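Here is the file model-v4.cif (mmCIF, C-alpha atoms and all ligand atoms).
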```
data_work
loop_
_atom_site.label_atom_id
_atom_site.label_comp_id
_atom_site.auth_asym_id
_atom_site.auth_seq_id
_atom_site.Cartn_x
_atom_site.Cartn_y
_atom_site.Cartn_z
CA MET G 41 91.18 151.11 -86.02
CA ARG G 42 92.17 147.46 -85.86
CA SER G 43 89.46 144.97 -84.88
CA LEU G 44 90.04 142.82 -81.80
CA SER G 45 90.15 139.73 -84.08
CA GLU G 46 92.98 141.27 -86.03
CA GLU G 47 94.78 142.51 -82.93
CA LEU G 48 94.72 139.06 -81.33
CA ARG G 49 95.94 137.34 -84.49
CA ARG G 50 98.85 139.79 -84.71
CA ALA G 51 99.66 139.41 -81.03
CA ALA G 52 99.62 135.61 -81.46
CA GLY G 53 102.11 136.03 -84.31
CA ASP G 54 104.34 138.20 -82.13
CA LEU G 55 104.21 135.57 -79.39
CA GLU G 56 105.17 132.91 -81.97
CA VAL G 57 102.04 130.87 -81.43
CA SER G 58 102.48 128.06 -84.00
CA LEU G 59 98.78 127.40 -84.65
CA TYR G 60 96.08 129.97 -84.00
CA GLY G 61 92.37 129.90 -84.71
CA VAL G 62 88.96 130.91 -83.40
CA ALA G 63 85.97 128.59 -82.96
CA ASP G 64 82.43 129.87 -82.95
CA ALA G 65 81.13 128.70 -79.55
CA LYS G 66 77.76 127.92 -81.15
CA GLY G 67 79.49 124.95 -82.84
CA PHE G 68 79.36 123.18 -79.45
CA LEU G 69 75.58 123.24 -79.32
CA SER G 70 75.19 119.82 -81.01
CA PRO G 71 73.61 117.19 -78.69
CA GLU G 72 76.89 115.26 -78.49
CA TYR G 73 78.45 118.06 -76.45
CA GLN G 74 75.68 118.40 -73.89
CA GLY G 75 77.34 118.80 -70.49
CA ASN G 76 80.73 119.60 -72.06
CA ARG G 77 80.03 122.94 -73.61
CA PRO G 78 81.92 126.19 -73.20
CA GLN G 79 78.48 127.65 -72.48
CA ASP G 80 78.35 125.51 -69.30
CA VAL G 81 81.54 127.17 -68.09
CA MET G 82 80.92 130.71 -69.35
CA PRO G 83 77.24 131.31 -70.17
CA SER G 84 78.02 134.44 -72.21
CA VAL G 85 80.74 132.77 -74.30
CA ARG G 86 80.78 133.58 -78.02
CA SER G 87 84.23 132.46 -79.14
CA VAL G 88 86.91 129.95 -78.22
CA VAL G 89 90.40 131.12 -79.15
CA VAL G 90 92.63 128.10 -79.85
CA LEU G 91 96.43 128.15 -79.57
CA GLY G 92 98.71 125.27 -80.51
CA VAL G 93 102.42 124.46 -80.30
CA PRO G 94 104.12 121.41 -81.80
CA LEU G 95 105.37 118.55 -79.65
CA LEU G 96 109.13 118.05 -79.84
CA ARG G 97 109.96 115.39 -82.44
CA GLY G 98 113.06 114.35 -80.51
CA SER G 99 111.00 113.60 -77.42
CA MET G 100 108.73 111.32 -79.46
CA ASP G 101 111.55 109.52 -81.25
CA ALA G 102 112.94 108.54 -77.85
CA LEU G 103 109.73 106.73 -76.79
CA PRO G 104 109.11 104.43 -75.02
CA LYS G 105 112.45 104.56 -73.14
CA GLY G 106 112.51 108.35 -73.00
CA ARG G 107 109.14 108.66 -71.32
CA ALA G 108 110.33 111.10 -68.65
CA GLU G 109 111.76 113.37 -71.36
CA TYR G 110 108.57 113.08 -73.41
CA HIS G 111 106.43 113.96 -70.40
CA ASN G 112 108.68 116.86 -69.46
CA SER G 113 108.55 118.12 -73.06
CA LEU G 114 104.74 118.06 -72.85
CA LEU G 115 104.86 120.08 -69.65
CA ALA G 116 107.20 122.58 -71.30
CA ALA G 117 104.66 122.97 -74.12
CA THR G 118 101.92 123.52 -71.55
CA VAL G 119 103.90 126.21 -69.74
CA THR G 120 104.60 127.94 -73.05
CA LEU G 121 100.92 127.84 -73.97
CA ARG G 122 99.92 129.18 -70.56
CA TYR G 123 102.12 132.21 -71.04
CA MET G 124 100.86 132.82 -74.57
CA SER G 125 97.22 132.32 -73.54
CA PHE G 126 97.51 134.68 -70.61
CA GLN G 127 99.00 137.41 -72.77
CA LEU G 128 96.11 137.12 -75.25
CA ALA G 129 93.51 136.81 -72.50
CA LYS G 130 94.80 140.06 -70.97
CA ARG G 131 94.32 141.85 -74.30
CA ILE G 132 90.77 140.53 -74.50
CA GLU G 133 90.00 141.83 -71.01
CA ASP G 134 91.70 145.14 -71.80
CA ALA G 135 89.08 145.44 -74.55
CA GLU G 136 86.36 145.05 -71.88
CA TYR G 137 85.44 141.44 -72.65
CA LEU G 138 85.71 138.37 -70.40
CA ALA G 139 88.39 135.72 -70.85
CA SER G 140 89.15 132.40 -69.15
CA ILE G 141 91.80 129.80 -70.03
CA VAL G 142 90.96 126.12 -70.73
CA PRO G 143 93.58 123.62 -69.47
CA ALA G 144 95.65 121.71 -72.05
CA GLU G 145 94.84 118.28 -70.63
CA GLY G 146 92.67 116.43 -68.13
CA SER G 147 95.18 116.07 -65.32
CA GLU G 148 98.56 117.40 -64.21
CA PHE G 149 100.56 117.26 -60.98
CA GLY G 150 97.79 115.12 -59.46
CA ILE G 151 95.14 117.77 -60.11
CA TRP G 152 92.15 116.64 -62.14
CA TYR G 153 90.50 119.05 -64.54
CA ALA G 154 88.54 116.35 -66.40
CA ASP G 155 85.80 114.17 -64.94
CA ARG G 156 87.56 111.17 -63.37
CA GLU G 157 84.81 108.72 -64.36
CA THR G 158 84.18 109.73 -67.97
CA LEU G 159 87.57 111.39 -68.55
CA ARG G 160 85.78 114.15 -70.42
CA ALA G 161 87.04 117.69 -70.09
CA ASP G 162 84.68 120.61 -69.51
CA VAL G 163 85.58 121.82 -72.99
CA SER G 164 87.12 119.69 -75.76
CA LEU G 165 90.07 121.65 -77.13
CA ARG G 166 90.40 119.22 -80.03
CA TYR G 167 86.86 119.90 -81.08
CA ALA G 168 87.41 123.63 -80.68
CA ALA G 169 90.51 123.31 -82.89
CA TYR G 170 88.44 121.39 -85.45
CA LEU G 171 85.76 124.11 -85.41
CA ALA G 172 88.49 126.73 -85.81
CA GLY G 173 89.59 124.99 -89.02
CA LEU G 174 92.93 123.79 -87.67
CA GLY G 175 92.59 120.12 -88.70
CA ARG G 176 90.59 116.93 -88.84
CA TYR G 177 90.29 113.96 -86.50
CA GLY G 178 92.58 110.95 -86.73
CA LEU G 179 91.76 107.41 -85.69
CA ASN G 180 93.94 108.07 -82.62
CA HIS G 181 91.34 110.73 -81.62
CA SER G 182 93.88 113.51 -81.94
CA LEU G 183 93.39 116.48 -84.17
CA VAL G 184 95.57 116.00 -87.24
CA THR G 185 96.95 119.33 -88.41
CA GLU G 186 98.44 120.00 -91.80
CA LYS G 187 101.82 121.17 -90.54
CA TYR G 188 102.46 119.00 -87.48
CA GLY G 189 100.14 116.02 -87.97
CA PRO G 190 98.68 114.98 -84.59
CA ARG G 191 101.79 116.13 -82.70
CA VAL G 192 100.35 119.34 -81.29
CA ARG G 193 99.39 120.58 -77.83
CA PHE G 194 96.44 122.95 -77.63
CA MET G 195 95.13 125.46 -75.12
CA GLY G 196 92.03 127.63 -75.41
CA ILE G 197 90.56 130.89 -74.23
CA LEU G 198 86.82 131.23 -73.65
CA THR G 199 85.57 134.72 -74.29
CA ASP G 200 82.38 136.66 -74.80
CA ALA G 201 84.14 138.72 -77.48
CA PRO G 202 82.51 138.27 -80.91
CA LEU G 203 85.67 137.24 -82.80
CA GLU G 204 85.75 136.25 -86.44
CA PRO G 205 85.59 132.42 -86.45
CA GLY G 206 87.48 129.99 -88.68
CA VAL G 207 85.77 127.51 -90.99
CA PRO G 208 85.86 123.82 -90.02
CA ALA G 209 86.86 121.23 -92.63
CA SER G 210 83.88 119.67 -94.40
CA ASP G 211 85.10 116.17 -93.55
CA PHE G 212 85.48 115.38 -89.86
CA ALA G 213 87.81 112.37 -90.17
CA HIS G 214 91.21 112.46 -91.90
CA GLU G 215 91.18 110.40 -95.10
CA GLY G 216 94.73 109.16 -94.44
CA CYS G 217 93.44 106.92 -91.64
CA SER G 218 91.33 104.69 -93.90
CA SER G 219 94.40 102.83 -95.21
CA CYS G 220 96.57 103.01 -92.07
CA GLY G 221 95.54 101.84 -88.60
CA ARG G 222 99.06 101.98 -87.12
CA CYS G 223 97.85 103.73 -83.97
CA VAL G 224 95.32 100.95 -83.36
CA ASP G 225 98.01 98.29 -83.76
CA ILE G 226 100.60 99.97 -81.54
CA CYS G 227 98.34 100.78 -78.57
CA PRO G 228 99.59 98.54 -75.74
CA VAL G 229 96.17 98.25 -74.09
CA GLY G 230 93.74 98.09 -77.04
CA ALA G 231 92.25 101.50 -76.31
CA LEU G 232 91.70 102.28 -80.00
CA GLU G 233 89.60 100.40 -82.53
CA LYS G 234 89.55 100.52 -86.31
CA ASP G 235 85.90 101.66 -86.34
CA GLY G 236 86.93 104.83 -84.47
CA THR G 237 85.88 103.68 -81.00
CA ILE G 238 88.13 104.78 -78.14
CA HIS G 239 88.20 103.21 -74.70
CA ARG G 240 89.42 106.22 -72.77
CA GLU G 241 89.39 104.34 -69.49
CA LYS G 242 91.95 101.81 -70.81
CA CYS G 243 94.29 104.58 -71.92
CA ALA G 244 93.92 106.39 -68.60
CA GLN G 245 94.35 103.24 -66.48
CA TYR G 246 97.55 102.47 -68.38
CA MET G 247 99.03 105.96 -67.98
CA PHE G 248 97.91 106.67 -64.44
CA GLY G 249 98.49 103.08 -63.29
CA GLU G 250 101.31 101.30 -65.08
CA LEU G 251 103.20 104.43 -66.16
CA GLY G 252 102.72 106.21 -62.83
CA GLY G 253 101.20 109.30 -64.47
CA LEU G 254 103.70 109.70 -67.29
CA ARG G 255 102.09 109.99 -70.71
CA CYS G 256 102.25 107.24 -73.32
CA GLY G 257 102.35 108.97 -76.71
CA LEU G 258 102.86 105.84 -78.85
CA CYS G 259 99.77 106.51 -81.00
CA LEU G 260 101.21 109.94 -81.83
CA LYS G 261 104.74 108.71 -82.43
CA THR G 262 103.64 106.08 -84.92
CA CYS G 263 101.40 108.36 -87.01
CA PRO G 264 102.78 108.94 -90.52
CA LEU G 265 100.76 112.13 -91.04
S1 LIG Y 1 98.44 106.36 -87.17
FE1 LIG Y 1 97.32 106.08 -89.10
S2 LIG Y 1 95.21 105.58 -88.52
FE2 LIG Y 1 96.23 106.47 -86.72
S3 LIG Y 1 95.76 108.65 -86.80
FE3 LIG Y 1 97.71 108.38 -87.86
S4 LIG Y 1 97.17 108.10 -90.03
FE4 LIG Y 1 95.29 107.80 -88.82
S1 LIG Y 2 98.24 107.18 -75.55
FE1 LIG Y 2 99.02 105.06 -75.52
S2 LIG Y 2 97.50 103.92 -74.30
FE2 LIG Y 2 96.52 105.85 -74.93
S3 LIG Y 2 95.46 105.39 -76.83
FE3 LIG Y 2 97.51 106.16 -77.41
S4 LIG Y 2 98.79 104.31 -77.61
FE4 LIG Y 2 96.93 103.73 -76.47
#
```

Structure translated into structure tokens:
Amino acid sequence: MRSLSEELRRAAGDLEVSLYGVADAKGFLSPEYQGNRPQDVMPSVRSVVVLGVPLLRGSMDALPKGRAEYHNSLLAATVTLRYMSFQLAKRIEDAEYLASIVPAEGSEFGIWYADRETLRADVSLRYAAYLAGLGRYGLNHSLVTEKYGPRVRFMGILTDAPLEPGVPASDFAHEGCSSCGRCVDICPVGALEKDGTIHREKCAQYMFGELGGLRCGLCLKTCPL
């Protein structure tokens, strides 16, 4: 009989999920994640299933003029991930475990999922993707994957199913960033710094203020990885 881990991986393949991995929820127990742990949302959680799809290259090439198209392309990726996630979540619940789906970003259609003050989500999908072994962090604070660089949208499923977890990379930060810094230079509001600091509030004020809620994406577009 196939294990649930194997069944989900196969189902993800059938659904054409581009990046798939599983994070051990215990990986969130470091002090840095206090208050933003999957355990705070689902106390019995054991695994975070991570799904990713690439962002459309054409929508990035058109930035900054094609911001509406970029934003719409992001929403299309979110809808696709929602469908995929729900299909996998149903299989998990069919196997008598609990499943709940983590949103792809902090805000959409005027609804806030993240904390408005700190801009932190309940569960960091990028960190879950890192724990699942899907990539390392770039200076732009995105997860840099081998196949798509940082141009990926993620969604996650919290579950109490004991799934086989992936292995995170031994180095947290991508080595390609040490000689680059393009994302820092291109950011129109100085939200990124070369020492790895991010001023999330500057990025958010720019997107939700000046851009009227449309996403920026320049630090992804410029990345050579
Ligand atoms: S643009 Fe350069 S510094 Fe920024 S994430 Fe990409 S490789 Fe790293
Ligand atoms: S999305 Fe835009 S504003 Fe935000 S950090 Fe990247 S370049 Fe800066």

Sort by chain and increasing residue number a table of all residues of chain G within 7 Å of ligand LIG 2 (chain Y), each with its closest pair of atoms and their distance in Å to one decimal, counting only C-alpha atoms and all ligand atoms, and write it as JSON lines.
```
{"residue": "G:Asn180", "atom": "CA", "partner": "Y:LIG2", "partner_atom": "S3", "distance": 6.6}
{"residue": "G:Cys223", "atom": "CA", "partner": "Y:LIG2", "partner_atom": "S4", "distance": 6.5}
{"residue": "G:Ile226", "atom": "CA", "partner": "Y:LIG2", "partner_atom": "S4", "distance": 6.1}
{"residue": "G:Cys227", "atom": "CA", "partner": "Y:LIG2", "partner_atom": "S4", "distance": 3.7}
{"residue": "G:Pro228", "atom": "CA", "partner": "Y:LIG2", "partner_atom": "FE4", "distance": 5.9}
{"residue": "G:Val229", "atom": "CA", "partner": "Y:LIG2", "partner_atom": "S2", "distance": 5.8}
{"residue": "G:Gly230", "atom": "CA", "partner": "Y:LIG2", "partner_atom": "FE4", "distance": 6.5}
{"residue": "G:Ala231", "atom": "CA", "partner": "Y:LIG2", "partner_atom": "S3", "distance": 5.1}
{"residue": "G:Leu232", "atom": "CA", "partner": "Y:LIG2", "partner_atom": "S3", "distance": 5.8}
{"residue": "G:Lys242", "atom": "CA", "partner": "Y:LIG2", "partner_atom": "S2", "distance": 6.9}
{"residue": "G:Cys243", "atom": "CA", "partner": "Y:LIG2", "partner_atom": "FE2", "distance": 4.0}
{"residue": "G:Ala244", "atom": "CA", "partner": "Y:LIG2", "partner_atom": "FE2", "distance": 6.9}
{"residue": "G:Tyr246", "atom": "CA", "partner": "Y:LIG2", "partner_atom": "S2", "distance": 6.1}
{"residue": "G:Met247", "atom": "CA", "partner": "Y:LIG2", "partner_atom": "S2", "distance": 6.8}
{"residue": "G:Arg255", "atom": "CA", "partner": "Y:LIG2", "partner_atom": "S1", "distance": 6.8}
{"residue": "G:Cys256", "atom": "CA", "partner": "Y:LIG2", "partner_atom": "FE1", "distance": 4.5}
{"residue": "G:Gly257", "atom": "CA", "partner": "Y:LIG2", "partner_atom": "S1", "distance": 4.6}
{"residue": "G:Leu258", "atom": "CA", "partner": "Y:LIG2", "partner_atom": "S4", "distance": 4.5}
{"residue": "G:Cys259", "atom": "CA", "partner": "Y:LIG2", "partner_atom": "S4", "distance": 4.2}
{"residue": "G:Leu260", "atom": "CA", "partner": "Y:LIG2", "partner_atom": "FE3", "distance": 6.9}
```

**Report entry** Exercise answer, 9 Å around ligand LIG 1 (chain Y) with all atoms listed in the file, as a ChimeraX atom specification
**Finding:** /G:177-184,189-190,213-226,234,259-265

Report task. With a distance cut-off of 12 Å and only C-alpha atoms, select the neighbouring residues of His111 in chain G, excluding the residue or stretch itself and same-chain residues fewer than 6 positions from it, and output the selection as a PyMOL selection string. Result -> chain G and resi 95-96+99-100+102-105+117-118+148-149+247+251-257

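By all atoms listed in the file, and with residues fewer than 4 positions from Ser164 in chain G along its chain excluded, the set lying at most 8 Å from it is Asn76, Arg160 and Ala168 of chain G.
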
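Here CA of Glu204 in chain G and CA of Pro78 in chain G stand 17.1 Å from one another.
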
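Considering all atoms listed in the file, the residue among G:Ala169, G:Ala116, G:Leu91, G:Leu159 positioned nearest to Ser58 in chain G is G:Leu91.
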
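Pairwise distance (CA of Leu138 in chain G, CA of Ile197 in chain G) equals 9.7 Å.
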
Query raised in the report: Skipping near chain neighbours, those fewer than 2 positions away, what residues fall within 8 Å of Ile141 in chain G using only C-alpha atoms, listed as a PyMOL selection string?
Result: chain G and resi 125-126+129+139+143+195-198

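Compared by their closest atoms to Leu59 in chain G, and using all atoms listed in the file, the residues G:Glu186, G:Glu46, G:Asp155, G:Glu72 rank with G:Glu186 nearest.
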
Query raised in the report: So which residues touch Gly75 in chain G within 12 Å, counting all atoms listed in the file, skipping near sequence neighbours fewer than 2 positions away, as a PyMOL selection string?
Result: chain G and resi 68-73+77-81+155+158+160-164

Query raised in the report: Taking (100.1, 132.7, -84.6) in the file's coordinates, which residues come within 12 Å, counting all atoms listed in the file, written as a PyMOL selection string?
Result: chain G and resi 46-62+89-93+121+124-125+128+174

Can you write just those residues out, C-alpha atoms, as a PDB file, in the frame of the given file?
```
ATOM      1  CA  GLU G  46      92.980 141.270 -86.030  1.00  0.00           C
ATOM      2  CA  GLU G  47      94.780 142.510 -82.930  1.00  0.00           C
ATOM      3  CA  LEU G  48      94.720 139.060 -81.330  1.00  0.00           C
ATOM      4  CA  ARG G  49      95.940 137.340 -84.490  1.00  0.00           C
ATOM      5  CA  ARG G  50      98.850 139.790 -84.710  1.00  0.00           C
ATOM      6  CA  ALA G  51      99.660 139.410 -81.030  1.00  0.00           C
ATOM      7  CA  ALA G  52      99.620 135.610 -81.460  1.00  0.00           C
ATOM      8  CA  GLY G  53     102.110 136.030 -84.310  1.00  0.00           C
ATOM      9  CA  ASP G  54     104.340 138.200 -82.130  1.00  0.00           C
ATOM     10  CA  LEU G  55     104.210 135.570 -79.390  1.00  0.00           C
ATOM     11  CA  GLU G  56     105.170 132.910 -81.970  1.00  0.00           C
ATOM     12  CA  VAL G  57     102.040 130.870 -81.430  1.00  0.00           C
ATOM     13  CA  SER G  58     102.480 128.060 -84.000  1.00  0.00           C
ATOM     14  CA  LEU G  59      98.780 127.400 -84.650  1.00  0.00           C
ATOM     15  CA  TYR G  60      96.080 129.970 -84.000  1.00  0.00           C
ATOM     16  CA  GLY G  61      92.370 129.900 -84.710  1.00  0.00           C
ATOM     17  CA  VAL G  62      88.960 130.910 -83.400  1.00  0.00           C
ATOM     18  CA  VAL G  89      90.400 131.120 -79.150  1.00  0.00           C
ATOM     19  CA  VAL G  90      92.630 128.100 -79.850  1.00  0.00           C
ATOM     20  CA  LEU G  91      96.430 128.150 -79.570  1.00  0.00           C
ATOM     21  CA  GLY G  92      98.710 125.270 -80.510  1.00  0.00           C
ATOM     22  CA  VAL G  93     102.420 124.460 -80.300  1.00  0.00           C
ATOM     23  CA  LEU G 121     100.920 127.840 -73.970  1.00  0.00           C
ATOM     24  CA  MET G 124     100.860 132.820 -74.570  1.00  0.00           C
ATOM     25  CA  SER G 125      97.220 132.320 -73.540  1.00  0.00           C
ATOM     26  CA  LEU G 128      96.110 137.120 -75.250  1.00  0.00           C
ATOM     27  CA  LEU G 174      92.930 123.790 -87.670  1.00  0.00           C
TER      28      LEU G 174
END
```

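Minimum atom-to-atom distance to Pro205 in chain G, evaluated using only C-alpha atoms, belongs to G:Gly67 out of G:Gly236, G:Gly67, G:Gly249, G:Pro94.
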